[in-house]
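Dropping work-v8.txt in here (compact mmCIF, C-alpha atoms):
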# COMPACT_ATOMS: atom_id res chain seq x y z
CA MET A 1 26.27 47.77 63.27
CA ALA A 2 25.84 44.64 65.30
CA ASP A 3 25.93 42.75 62.01
CA LYS A 4 29.64 43.44 61.79
CA LYS A 5 30.34 41.59 65.00
CA PRO A 6 31.68 38.07 64.58
CA LEU A 7 28.86 35.56 64.80
CA VAL A 8 30.74 33.47 67.32
CA LYS A 9 30.46 36.36 69.72
CA GLU A 10 26.67 36.48 69.32
CA PHE A 11 26.66 32.85 70.31
CA THR A 12 29.09 32.89 73.23
CA LYS A 13 27.73 36.00 74.93
CA GLY A 14 24.59 34.08 75.85
CA LEU A 15 26.59 31.37 77.60
CA ILE A 16 28.27 33.32 80.38
CA ALA A 17 28.59 37.07 80.01
CA GLU A 18 24.89 37.58 79.28
CA ASN A 19 23.50 34.30 80.57
CA PRO A 20 19.75 34.87 80.43
CA VAL A 21 19.02 33.24 83.77
CA LEU A 22 21.96 34.10 85.98
CA ARG A 23 23.01 37.47 84.55
CA LEU A 24 19.89 38.97 82.97
CA VAL A 25 17.49 37.26 85.42
CA LEU A 26 14.90 36.46 82.77
CA GLY A 27 12.64 33.45 82.63
CA THR A 28 12.67 32.87 86.38
CA CYS A 29 9.31 31.06 86.46
CA PRO A 30 10.30 28.02 84.37
CA THR A 31 13.76 28.01 85.91
CA LEU A 32 12.35 27.55 89.38
CA ALA A 33 9.51 25.27 88.36
CA VAL A 34 11.08 22.60 86.18
CA SER A 35 14.50 22.34 87.81
CA THR A 36 13.42 19.53 90.12
CA SER A 37 14.83 16.88 87.79
CA VAL A 38 17.63 16.87 85.27
CA MET A 39 15.45 15.28 82.59
CA GLY A 40 12.72 17.89 83.01
CA ALA A 41 15.29 20.67 82.84
CA LEU A 42 16.77 19.22 79.66
CA GLY A 43 13.32 18.95 78.07
CA MET A 44 12.39 22.49 79.04
CA GLY A 45 15.74 23.85 77.87
CA ALA A 46 15.46 22.10 74.52
CA ALA A 47 11.85 23.13 73.95
CA ALA A 48 12.50 26.77 74.87
CA SER A 49 15.68 26.85 72.75
CA ILE A 50 13.89 25.57 69.67
CA VAL A 51 11.16 28.18 70.09
CA LEU A 52 13.75 30.88 70.75
CA ILE A 53 15.84 30.10 67.65
CA CYS A 54 12.83 29.75 65.33
CA SER A 55 11.06 32.86 66.58
CA ASN A 56 14.30 34.88 66.46
CA ILE A 57 14.81 33.87 62.82
CA VAL A 58 11.24 34.62 61.75
CA ILE A 59 10.98 37.89 63.67
CA SER A 60 14.28 39.08 62.31
CA ALA A 61 13.25 38.15 58.76
CA LEU A 62 10.00 40.07 59.16
CA ARG A 63 11.45 43.00 61.09
CA LYS A 64 11.09 45.43 58.16
CA ILE A 65 7.51 44.37 57.44
CA ILE A 66 6.04 44.44 60.96
CA PRO A 67 4.89 47.99 61.81
CA GLY A 68 6.51 49.30 64.99
CA LYS A 69 3.23 49.99 66.76
CA VAL A 70 1.91 46.43 66.61
CA ARG A 71 5.21 44.64 66.93
CA ILE A 72 4.54 43.16 70.39
CA PRO A 73 1.27 41.43 69.38
CA ALA A 74 2.94 40.29 66.17
CA TYR A 75 5.86 38.84 68.12
CA ILE A 76 3.46 37.10 70.49
CA VAL A 77 1.60 35.46 67.59
CA ILE A 78 4.86 34.23 66.03
CA ILE A 79 6.13 32.89 69.35
CA ALA A 80 2.79 31.26 70.20
CA SER A 81 2.75 29.51 66.83
CA PHE A 82 6.14 27.96 67.44
CA VAL A 83 5.18 27.01 70.98
CA THR A 84 2.10 25.23 69.62
CA ILE A 85 4.24 23.34 67.09
CA VAL A 86 6.75 22.31 69.78
CA GLN A 87 3.90 21.36 72.11
CA MET A 88 2.39 19.04 69.50
CA LEU A 89 5.77 17.48 68.68
CA VAL A 90 6.57 16.88 72.34
CA LYS A 91 3.12 15.36 72.97
CA ALA A 92 3.55 13.06 70.00
CA PHE A 93 7.13 11.89 70.41
CA VAL A 94 8.18 12.34 74.06
CA PRO A 95 4.96 12.12 76.10
CA GLU A 96 6.90 11.59 79.33
CA ILE A 97 8.54 15.02 78.95
CA ASP A 98 5.11 16.51 78.26
CA GLU A 99 3.89 14.98 81.50
CA SER A 100 6.78 16.29 83.59
CA LEU A 101 6.57 19.81 82.13
CA GLY A 102 2.78 20.04 82.30
CA VAL A 103 1.46 23.57 82.14
CA TYR A 104 4.97 25.03 81.80
CA LEU A 105 5.23 23.82 78.19
CA PRO A 106 2.50 26.11 76.80
CA LEU A 107 3.74 28.82 79.16
CA ILE A 108 6.93 29.12 77.08
CA VAL A 109 4.81 31.70 75.21
CA VAL A 110 5.16 34.15 78.07
CA ASN A 111 8.76 33.26 78.88
CA CYS A 112 10.38 36.68 79.06
CA ILE A 113 13.62 35.40 77.54
CA ILE A 114 11.94 34.82 74.19
CA LEU A 115 9.92 38.03 73.98
CA GLY A 116 12.87 39.89 75.49
CA ARG A 117 15.29 38.66 72.82
CA ALA A 118 12.75 39.36 70.10
CA GLU A 119 12.45 42.95 71.29
CA ALA A 120 16.09 43.53 72.21
CA PHE A 121 17.86 41.67 69.44
CA ALA A 122 15.90 39.96 66.66
CA GLY A 123 13.84 43.04 65.87
CA LYS A 124 17.01 45.01 65.11
CA ASN A 125 19.54 42.54 63.71
CA SER A 126 20.08 40.33 60.67
CA VAL A 127 18.61 36.85 60.38
CA ILE A 128 21.90 35.00 60.82
CA ALA A 129 23.01 37.08 63.81
CA SER A 130 19.59 36.54 65.40
CA ALA A 131 19.82 32.80 64.86
CA PHE A 132 23.19 32.70 66.62
CA ASP A 133 21.89 34.95 69.38
CA GLY A 134 18.95 32.57 69.85
CA MET A 135 21.25 29.57 69.96
CA GLY A 136 23.55 31.18 72.52
CA MET A 137 20.68 32.30 74.72
CA GLY A 138 19.02 28.88 74.39
CA VAL A 139 22.17 27.02 75.38
CA GLY A 140 22.78 29.48 78.24
CA PHE A 141 19.23 28.98 79.51
CA THR A 142 19.56 25.20 79.27
CA ALA A 143 22.93 25.22 81.01
CA ALA A 144 21.65 27.31 83.92
CA LEU A 145 18.56 25.09 84.22
CA LEU A 146 20.73 21.96 84.19
CA ALA A 147 23.05 23.37 86.84
CA MET A 148 20.09 24.10 89.09
CA ALA A 149 18.39 20.79 88.39
CA PHE A 150 21.62 18.90 89.05
CA ILE A 151 22.08 20.50 92.47
CA ARG A 152 18.42 20.12 93.43
CA GLU A 153 17.99 16.56 92.26
CA LEU A 154 21.32 15.41 93.72
CA ILE A 155 20.79 16.92 97.17
CA GLY A 156 17.04 16.36 97.17
CA THR A 157 16.98 12.68 96.24
CA GLY A 158 20.60 11.51 96.27
CA ALA A 159 20.21 10.35 92.69
CA ILE A 160 20.61 11.78 89.21
CA ASN A 161 18.06 10.54 86.70
CA GLY A 162 17.56 7.28 88.60
CA THR A 163 21.25 6.56 89.29
CA GLN A 164 21.82 6.61 93.03
CA ILE A 165 24.91 8.72 93.86
CA PHE A 166 24.62 8.58 97.65
CA PRO A 167 22.09 6.77 99.84
CA ALA A 168 18.64 8.35 99.78
CA ASP A 169 18.65 8.37 103.59
CA PHE A 170 21.08 11.30 103.52
CA SER A 171 19.10 13.36 101.01
CA MET A 172 17.29 16.57 101.91
CA LEU A 173 13.84 16.44 100.37
CA ILE A 174 13.34 20.18 100.80
CA PHE A 175 15.68 20.84 97.87
CA ILE A 176 13.20 19.47 95.37
CA LEU A 177 10.32 21.24 97.10
CA PRO A 178 9.57 24.87 96.16
CA PRO A 179 11.68 26.50 98.94
CA GLY A 180 14.75 24.64 97.69
CA GLY A 181 14.19 26.14 94.25
CA PHE A 182 14.30 29.71 95.56
CA PHE A 183 17.30 28.93 97.76
CA VAL A 184 19.44 27.24 95.10
CA PHE A 185 18.58 29.98 92.61
CA GLY A 186 19.61 32.65 95.13
CA MET A 187 22.90 30.89 95.78
CA LEU A 188 23.66 30.46 92.07
CA ILE A 189 23.02 34.17 91.50
CA ALA A 190 25.30 35.00 94.43
CA VAL A 191 28.07 32.88 92.88
CA ALA A 192 27.51 34.43 89.45
CA ASN A 193 27.67 37.89 91.07
CA LYS A 194 30.93 37.03 92.77
CA LEU A 195 32.47 35.82 89.51
CA ALA A 196 31.19 38.91 87.69
CA GLU A 197 32.60 41.16 90.38
CA LYS A 198 36.07 39.71 89.85
CA LYS A 199 35.84 40.71 86.22
CA GLY A 200 34.60 44.15 87.20
CA LYS A 201 31.11 43.62 85.84
CA PRO A 202 27.94 44.78 87.58
CA LYS A 203 25.82 42.49 89.75
CA ALA A 204 22.87 40.62 88.35
CA GLU A 205 19.70 42.49 89.12
CA LEU A 206 16.13 41.80 88.45
CA HIS A 207 15.71 43.11 84.92
CA GLY A 208 13.53 45.88 86.26
CA CYS A 209 12.08 47.60 83.31
CA GLU A 210 14.74 48.28 80.69
CA SER A 211 14.73 44.80 79.26
CA CYS A 212 11.04 44.16 79.94
CA PRO A 213 9.27 43.74 76.62
CA MET A 214 6.37 45.82 77.86
CA ALA A 215 8.65 48.72 78.73
CA ALA A 216 7.41 50.97 75.97
CA SER A 217 3.81 50.81 77.08
CA CYS A 218 4.47 50.68 80.80
CA SER A 219 3.70 53.78 82.78
CA LEU A 220 5.48 52.49 85.87
CA ILE A 221 8.75 53.61 84.35
CA ASN A 222 7.53 57.13 83.81
CA SER A 223 5.98 57.40 87.23
CA GLY A 224 9.13 55.99 88.82
CA GLU A 225 6.80 54.08 91.09
CA SER A 226 8.26 50.63 90.78
CA CYS A 227 11.03 48.58 89.26
CA ASP A 228 12.46 49.30 92.63
CA VAL A 229 14.82 46.35 92.87
CA LYS A 230 17.42 48.17 90.89
CA GLU A 231 17.71 51.25 93.04
CA ALA A 232 17.70 48.99 96.09
CA THR A 233 20.76 47.08 94.95
CA VAL A 234 22.68 50.02 93.56
CA LYS A 235 22.20 52.33 96.52
CA MET B 1 -23.93 20.30 99.52
CA THR B 2 -21.15 18.27 97.94
CA MET B 3 -20.85 20.94 95.27
CA THR B 4 -20.27 23.66 97.88
CA LYS B 5 -17.80 21.41 99.59
CA GLU B 6 -15.89 20.79 96.38
CA LEU B 7 -15.88 24.49 95.53
CA MET B 8 -14.52 25.36 98.98
CA GLY B 9 -11.92 22.65 98.53
CA ILE B 10 -10.81 24.07 95.19
CA LEU B 11 -10.71 27.60 96.59
CA LEU B 12 -8.64 26.72 99.64
CA THR B 13 -6.32 24.45 97.67
CA ALA B 14 -5.64 27.26 95.20
CA ILE B 15 -4.95 29.77 97.98
CA LEU B 16 -2.95 27.68 100.40
CA THR B 17 -1.51 24.39 99.23
CA GLU B 18 -1.07 25.11 95.55
CA ASN B 19 -0.19 28.77 95.90
CA PHE B 20 0.58 30.17 92.48
CA LEU B 21 3.65 32.09 93.53
CA LEU B 22 5.15 29.94 96.22
CA SER B 23 4.52 26.44 94.98
CA LYS B 24 3.73 26.70 91.28
CA PHE B 25 6.20 29.52 90.53
CA LEU B 26 3.82 31.34 88.23
CA GLY B 27 4.24 35.09 88.16
CA ILE B 28 7.63 35.28 89.83
CA CYS B 29 8.63 38.48 87.99
CA PRO B 30 6.10 40.72 89.78
CA PHE B 31 6.68 38.74 92.98
CA LEU B 32 10.31 39.80 93.04
CA GLY B 33 9.89 43.06 91.17
CA VAL B 34 7.01 44.94 92.76
CA SER B 35 6.99 43.47 96.24
CA LYS B 36 9.19 46.07 97.88
CA LYS B 37 6.37 48.26 99.06
CA LEU B 38 3.13 47.05 100.55
CA ASN B 39 0.89 49.37 98.54
CA THR B 40 2.42 48.47 95.17
CA ALA B 41 2.23 44.78 96.09
CA THR B 42 -1.48 45.11 96.92
CA GLY B 43 -2.21 47.16 93.80
CA MET B 44 -0.46 44.68 91.55
CA SER B 45 -2.27 41.73 93.14
CA MET B 46 -5.66 43.42 92.78
CA ALA B 47 -4.96 44.04 89.10
CA VAL B 48 -3.89 40.40 88.68
CA ILE B 49 -7.08 39.12 90.35
CA PHE B 50 -9.18 41.40 88.16
CA VAL B 51 -7.50 40.36 84.90
CA MET B 52 -7.45 36.67 85.88
CA LEU B 53 -11.20 36.59 86.58
CA LEU B 54 -11.98 38.49 83.41
CA SER B 55 -9.72 36.27 81.29
CA THR B 56 -11.28 33.11 82.67
CA ALA B 57 -14.79 34.45 82.11
CA VAL B 58 -13.94 35.27 78.49
CA THR B 59 -11.74 32.32 77.51
CA TYR B 60 -14.02 29.66 79.00
CA PRO B 61 -16.90 30.21 76.51
CA ILE B 62 -14.44 30.71 73.65
CA ASN B 63 -12.84 27.36 74.41
CA LYS B 64 -16.06 25.51 75.10
CA PHE B 65 -18.27 26.86 72.32
CA ILE B 66 -15.81 27.72 69.55
CA LEU B 67 -12.51 25.87 69.82
CA VAL B 68 -13.56 22.45 71.08
CA PRO B 69 -16.63 21.97 68.79
CA SER B 70 -14.56 22.98 65.75
CA GLY B 71 -11.77 20.58 66.67
CA LEU B 72 -9.35 23.48 67.11
CA ALA B 73 -8.35 22.71 70.70
CA TYR B 74 -4.70 22.70 69.67
CA LEU B 75 -4.95 26.45 69.02
CA GLN B 76 -5.67 27.10 72.70
CA THR B 77 -2.27 28.59 73.50
CA ILE B 78 -2.37 31.10 70.64
CA VAL B 79 -6.01 32.05 71.14
CA PHE B 80 -5.72 32.44 74.91
CA ILE B 81 -2.66 34.67 74.84
CA LEU B 82 -4.18 36.86 72.13
CA VAL B 83 -7.49 37.13 73.96
CA ILE B 84 -5.71 38.05 77.19
CA ALA B 85 -3.52 40.63 75.45
CA ALA B 86 -6.48 42.20 73.68
CA LEU B 87 -8.57 42.10 76.84
CA VAL B 88 -5.95 43.88 78.91
CA GLN B 89 -5.67 46.63 76.31
CA LEU B 90 -9.44 46.97 76.17
CA VAL B 91 -9.81 47.05 79.95
CA GLU B 92 -7.14 49.73 80.14
CA ILE B 93 -8.94 51.92 77.62
CA VAL B 94 -12.36 51.41 79.22
CA LEU B 95 -11.11 52.06 82.75
CA LYS B 96 -9.25 55.18 81.67
CA LYS B 97 -12.34 56.59 80.01
CA TYR B 98 -15.13 55.58 82.39
CA ILE B 99 -13.74 54.70 85.82
CA PRO B 100 -10.70 56.94 86.30
CA SER B 101 -10.53 56.22 90.03
CA LEU B 102 -10.11 52.49 89.43
CA TYR B 103 -7.72 53.22 86.58
CA SER B 104 -5.45 55.27 88.80
CA ALA B 105 -5.36 52.39 91.29
CA LEU B 106 -4.86 49.47 88.90
CA GLY B 107 -4.11 50.98 85.51
CA ILE B 108 -0.37 51.27 85.83
CA TYR B 109 -0.04 47.55 86.49
CA LEU B 110 -2.13 46.41 83.57
CA PRO B 111 0.51 46.42 80.81
CA LEU B 112 2.78 44.33 83.01
CA ILE B 113 0.11 41.70 83.34
CA THR B 114 -0.32 40.86 79.65
CA THR B 115 2.79 38.72 79.61
CA ASN B 116 2.42 37.49 83.17
CA CYS B 117 2.51 33.72 83.25
CA ALA B 118 0.10 33.58 86.19
CA VAL B 119 -2.81 34.77 84.03
CA LEU B 120 -2.18 32.44 81.09
CA GLY B 121 -1.26 29.72 83.57
CA VAL B 122 -4.57 29.80 85.42
CA VAL B 123 -6.54 29.77 82.17
CA ILE B 124 -4.61 26.76 80.84
CA LEU B 125 -4.83 24.93 84.16
CA ASN B 126 -8.61 25.36 84.23
CA VAL B 127 -8.85 23.77 80.79
CA ASP B 128 -6.38 20.99 81.63
CA ASN B 129 -8.27 20.12 84.79
CA GLY B 130 -11.56 19.98 82.86
CA TYR B 131 -13.31 22.39 85.25
CA ASN B 132 -16.78 23.67 84.40
CA PHE B 133 -17.54 27.39 84.51
CA ALA B 134 -18.23 27.65 88.25
CA TYR B 135 -15.19 25.56 89.17
CA SER B 136 -13.01 27.57 86.79
CA MET B 137 -14.09 30.88 88.29
CA ILE B 138 -13.57 29.63 91.84
CA ASN B 139 -10.18 28.18 91.00
CA THR B 140 -9.22 31.49 89.38
CA LEU B 141 -10.42 33.46 92.37
CA GLY B 142 -8.40 31.19 94.65
CA ALA B 143 -5.30 31.58 92.49
CA GLY B 144 -5.71 35.34 92.56
CA LEU B 145 -6.27 35.50 96.31
CA GLY B 146 -3.28 33.22 96.82
CA PHE B 147 -1.25 35.64 94.72
CA LEU B 148 -2.41 38.50 96.94
CA VAL B 149 -1.62 36.65 100.17
CA ALA B 150 1.86 35.69 99.00
CA MET B 151 2.62 39.19 97.69
CA VAL B 152 1.49 40.90 100.88
CA MET B 153 3.38 38.45 103.10
CA PHE B 154 6.51 38.82 101.04
CA ALA B 155 6.24 42.62 100.99
CA GLY B 156 6.23 42.49 104.78
CA VAL B 157 9.31 40.28 104.80
CA ARG B 158 11.09 42.59 102.38
CA GLU B 159 10.34 45.67 104.43
CA ARG B 160 12.04 43.99 107.39
CA LEU B 161 14.91 42.94 105.17
CA GLU B 162 15.65 46.58 104.36
CA SER B 163 16.99 47.23 107.84
CA CYS B 164 19.05 44.03 108.04
CA ASP B 165 22.78 43.70 107.82
CA VAL B 166 23.12 41.35 104.86
CA PRO B 167 26.47 39.70 104.03
CA LYS B 168 27.99 41.43 101.04
CA PHE B 169 27.86 38.54 98.60
CA LEU B 170 24.16 37.99 99.29
CA GLN B 171 23.10 41.61 98.90
CA GLY B 172 20.42 42.40 96.37
CA LEU B 173 18.73 39.62 94.47
CA PRO B 174 20.25 36.59 96.29
CA ILE B 175 18.94 37.59 99.73
CA THR B 176 15.55 38.36 98.21
CA LEU B 177 15.43 34.81 96.85
CA VAL B 178 16.51 33.34 100.18
CA ALA B 179 13.74 35.33 101.85
CA ALA B 180 11.31 34.00 99.25
CA SER B 181 12.53 30.50 100.08
CA LEU B 182 11.74 31.01 103.76
CA THR B 183 8.32 32.48 102.95
CA SER B 184 7.69 29.44 100.80
CA ILE B 185 8.62 27.11 103.67
CA SER B 186 5.85 28.67 105.75
CA PHE B 187 3.37 27.69 103.04
CA LEU B 188 4.62 24.09 103.11
CA GLY B 189 2.95 23.92 106.50
CA PHE B 190 -0.43 23.97 104.77
CA THR B 191 0.25 20.66 103.01
CA GLY B 192 -2.67 18.32 103.56
CA ILE B 193 -4.73 20.89 105.45
CA VAL B 194 -7.50 21.05 102.82
CA ASP B 195 -8.01 17.29 102.77
CA GLY B 196 -8.02 17.40 106.54
CA ILE B 197 -10.79 19.99 106.72
CA PHE B 198 -13.14 18.21 104.35
CA ASP B 199 -12.71 14.63 105.49
Show me, as structure tokens, the structure contained in the file I just sent.
Amino acid sequence: MADKKPLVKEFTKGLIAENPVLRLVLGTCPTLAVSTSVMGALGMGAAASIVLICSNIVISALRKIIPGKVRIPAYIVIIASFVTIVQMLVKAFVPEIDESLGVYLPLIVVNCIILGRAEAFAGKNSVIASAFDGMGMGVGFTAALLAMAFIRELIGTGAINGTQIFPADFSMLIFILPPGGFFVFGMLIAVANKLAEKKGKPKAELHGCESCPMAASCSLINSGESCDVKEATVK
Amino acid sequence: MTMTKELMGILLTAILTENFLLSKFLGICPFLGVSKKLNTATGMSMAVIFVMLLSTAVTYPINKFILVPSGLAYLQTIVFILVIAALVQLVEIVLKKYIPSLYSALGIYLPLITTNCAVLGVVILNVDNGYNFAYSMINTLGAGLGFLVAMVMFAGVRERLESCDVPKFLQGLPITLVAASLTSISFLGFTGIVDGIFD
């Protein structure tokens, strides 16, 4: 059914309406960690997007072959393979990006955006639609990362990628330290919520369990024990 | 003596100055997701410590005796994530069958941990830092304890937050992140403390 939708829509939904970071609240770890500099954010966004598009295409192409019961391990192997390829390419051609991303580059494997899209979209839709979905989500992720990195680097150091915008004496170092990451992310989500509210859409919430790739095997859902953020915000 | 000193240094650094949640941002999903109640926060952290230690104990020999000698070090990411995923499944089955009391305490958190970046993160960091087995285990223990400390602290903050009058546009996730930011500031105070102790 989703195949009938225009492909442009699969692409654009990832940019704003379903922005993976600000609306779906996925992939928070890399978002907070690598948004201290615009270059790092760009590298992370590009690397994750490439993995996302490739894994979406392959998973969607194999969706009829992979048995339902072992689909999560199968997805993880496919994603990990692409992450390894990207890791080797980055190490070979842009070592400075590899240095600034450090451990977060191999950790793209466990980025919930990628496994989440595999489970929610690529496993059910055609190859071309999945490719466009991957592109949209990748660009949306990169855009959100860049927005955060821009704010943090500008306020934190007074410069963007080495170009001084205002004197460093007036910068607030805390913005590029970890607390600044949480704060800027919170503010961006608040703004995104406000914009969504105007359009009558629900607030961004922590994905709780519905979109979590482990949902099927997770007993927390059945016990109703956790995934408590949602009920807290709805109340 | 120097060895003990170094081990203590690694342990304290991992708990305080390089806290996994508050300064490395690894494992943010459970940090924001299951930190609303103190008991769930503790249970989740215990499960994370358990899986982290087990994963390090298993992946270290695999890396050292199989991957590196065969020149397959580039397969680390794939092998580690598969080993962790398989291990978590195995632990779940074993606990369910043989230690039901432990399973009822930790079991429900186990599936969530497979794709938790804190577990894969600590394993990869140990390899990147070139730690030997003892250092790896201590670093892992420190990372896990740091996770526990941050989770428990943050659960306390969130319980207080429940009764606060939050401005409308900040309600929900934004105020949680601002609270996390403030919790993180308190950990900035530990900067340099480890070097200070051991100098």
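Excluding Asn139 of chain B itself and any same-chain residue fewer than 3 positions from it, the protein and nucleic acid residues within 9 Å of it, counting all atoms listed in the file, are Leu7, Ile10, Leu11, Leu12, Thr13, Ala14, Ile15, Val122, Asn126, Tyr131, Ala134, Tyr135, Ser136, Gly142, Ala143 and Gly144 of chain B.
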Of B:Cys29, B:Leu95, B:Leu75, B:Ala105, the one nearest to Ile62 of chain B when counting only C-alpha atoms is B:Leu75
Please provide as a VMD selection string all residues within 7 Å of Gly43 of chain B, with the sequence filter that same-chain residues fewer than 4 positions apart are discarded (counting only C-alpha atoms). chain B and resid 39 47 105 to 106
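Atom pair atom CA of Met39 of chain A / atom CA of Phe150 of chain A: separated by 9.6 Å.
Among the candidates A:Ala47, A:Cys29, A:Ile113, A:Val139, the one nearest to chain B when counting all atoms listed in the file is A:Cys29.
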Any chance you could work out the axis-aligned box around segment 7-16 of chain B, listed atoms only, 4 Å on each side, giving centre and edge lengths in Å to one decimal, as lines of an AutoDock Vina configuration file?
center_x = -9.4
center_y = 26.2
center_z = 97.8
size_x = 20.9
size_y = 15.1
size_z = 13.2
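Here the question is which of A:Cys112, A:Val51, A:Ala122, A:Ile76 gets nearest to Ile28 of chain B using only C-alpha atoms, and that residue is A:Cys112.
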Check your understanding: Could you pull the residues within 9 Å of segment 82-94 of chain A, counting all atoms listed in the file, minus those fewer than 6 positions along the same chain, as an MDAnalysis selection string?
Key -> (chainID A and resid 47:48 50:52 54:55 105:109) or (chainID B and resid 74:78)
Keeping C-alpha atoms, export the residues of the selection given above as a PDB file, in the frame of the given file.
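Ended up saving to again-v5.pdb:
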ATOM      1  CA  ALA A  47      11.850  23.130  73.950  1.00  0.00           C
ATOM      2  CA  ALA A  48      12.500  26.770  74.870  1.00  0.00           C
ATOM      3  CA  ILE A  50      13.890  25.570  69.670  1.00  0.00           C
ATOM      4  CA  VAL A  51      11.160  28.180  70.090  1.00  0.00           C
ATOM      5  CA  LEU A  52      13.750  30.880  70.750  1.00  0.00           C
ATOM      6  CA  CYS A  54      12.830  29.750  65.330  1.00  0.00           C
ATOM      7  CA  SER A  55      11.060  32.860  66.580  1.00  0.00           C
ATOM      8  CA  LEU A 105       5.230  23.820  78.190  1.00  0.00           C
ATOM      9  CA  PRO A 106       2.500  26.110  76.800  1.00  0.00           C
ATOM     10  CA  LEU A 107       3.740  28.820  79.160  1.00  0.00           C
ATOM     11  CA  ILE A 108       6.930  29.120  77.080  1.00  0.00           C
ATOM     12  CA  VAL A 109       4.810  31.700  75.210  1.00  0.00           C
TER      13      VAL A 109
ATOM     14  CA  TYR B  74      -4.700  22.700  69.670  1.00  0.00           C
ATOM     15  CA  LEU B  75      -4.950  26.450  69.020  1.00  0.00           C
ATOM     16  CA  GLN B  76      -5.670  27.100  72.700  1.00  0.00           C
ATOM     17  CA  THR B  77      -2.270  28.590  73.500  1.00  0.00           C
ATOM     18  CA  ILE B  78      -2.370  31.100  70.640  1.00  0.00           C
TER      19      ILE B  78
END
Return segment 130-142 of chain A, completed with N, CA, C and O atoms, as a tab-separated table (two decimals), in the coordinates of the input.
chain	number	residue	atom	x	y	z
A	130	SER	N	20.67	36.87	64.47
A	130	SER	CA	19.59	36.54	65.40
A	130	SER	C	19.54	35.05	65.69
A	130	SER	O	19.27	34.64	66.82
A	131	ALA	N	19.82	34.24	64.65
A	131	ALA	CA	19.82	32.80	64.86
A	131	ALA	C	20.91	32.42	65.86
A	131	ALA	O	20.68	31.63	66.78
A	132	PHE	N	22.10	33.02	65.69
A	132	PHE	CA	23.19	32.70	66.62
A	132	PHE	C	22.89	33.22	68.01
A	132	PHE	O	23.19	32.58	69.01
A	133	ASP	N	22.28	34.41	68.08
A	133	ASP	CA	21.89	34.95	69.38
A	133	ASP	C	20.90	34.01	70.07
A	133	ASP	O	21.04	33.69	71.26
A	134	GLY	N	19.94	33.51	69.29
A	134	GLY	CA	18.95	32.57	69.85
A	134	GLY	C	19.61	31.30	70.34
A	134	GLY	O	19.29	30.81	71.43
A	135	MET	N	20.55	30.79	69.56
A	135	MET	CA	21.25	29.57	69.96
A	135	MET	C	22.01	29.79	71.27
A	135	MET	O	21.94	28.99	72.19
A	136	GLY	N	22.76	30.90	71.32
A	136	GLY	CA	23.55	31.18	72.52
A	136	GLY	C	22.68	31.31	73.74
A	136	GLY	O	22.93	30.71	74.78
A	137	MET	N	21.58	32.09	73.59
A	137	MET	CA	20.68	32.30	74.72
A	137	MET	C	20.02	30.98	75.13
A	137	MET	O	19.84	30.69	76.30
A	138	GLY	N	19.66	30.17	74.12
A	138	GLY	CA	19.02	28.88	74.39
A	138	GLY	C	19.95	27.96	75.16
A	138	GLY	O	19.56	27.35	76.16
A	139	VAL	N	21.21	27.89	74.70
A	139	VAL	CA	22.17	27.02	75.38
A	139	VAL	C	22.44	27.56	76.79
A	139	VAL	O	22.53	26.79	77.75
A	140	GLY	N	22.55	28.88	76.92
A	140	GLY	CA	22.78	29.48	78.24
A	140	GLY	C	21.65	29.17	79.20
A	140	GLY	O	21.87	28.82	80.36
A	141	PHE	N	20.41	29.28	78.69
A	141	PHE	CA	19.23	28.98	79.51
A	141	PHE	C	19.26	27.52	79.94
A	141	PHE	O	19.08	27.20	81.12
A	142	THR	N	19.52	26.62	78.96
A	142	THR	CA	19.56	25.20	79.27
A	142	THR	C	20.65	24.88	80.29
A	142	THR	O	20.43	24.10	81.23
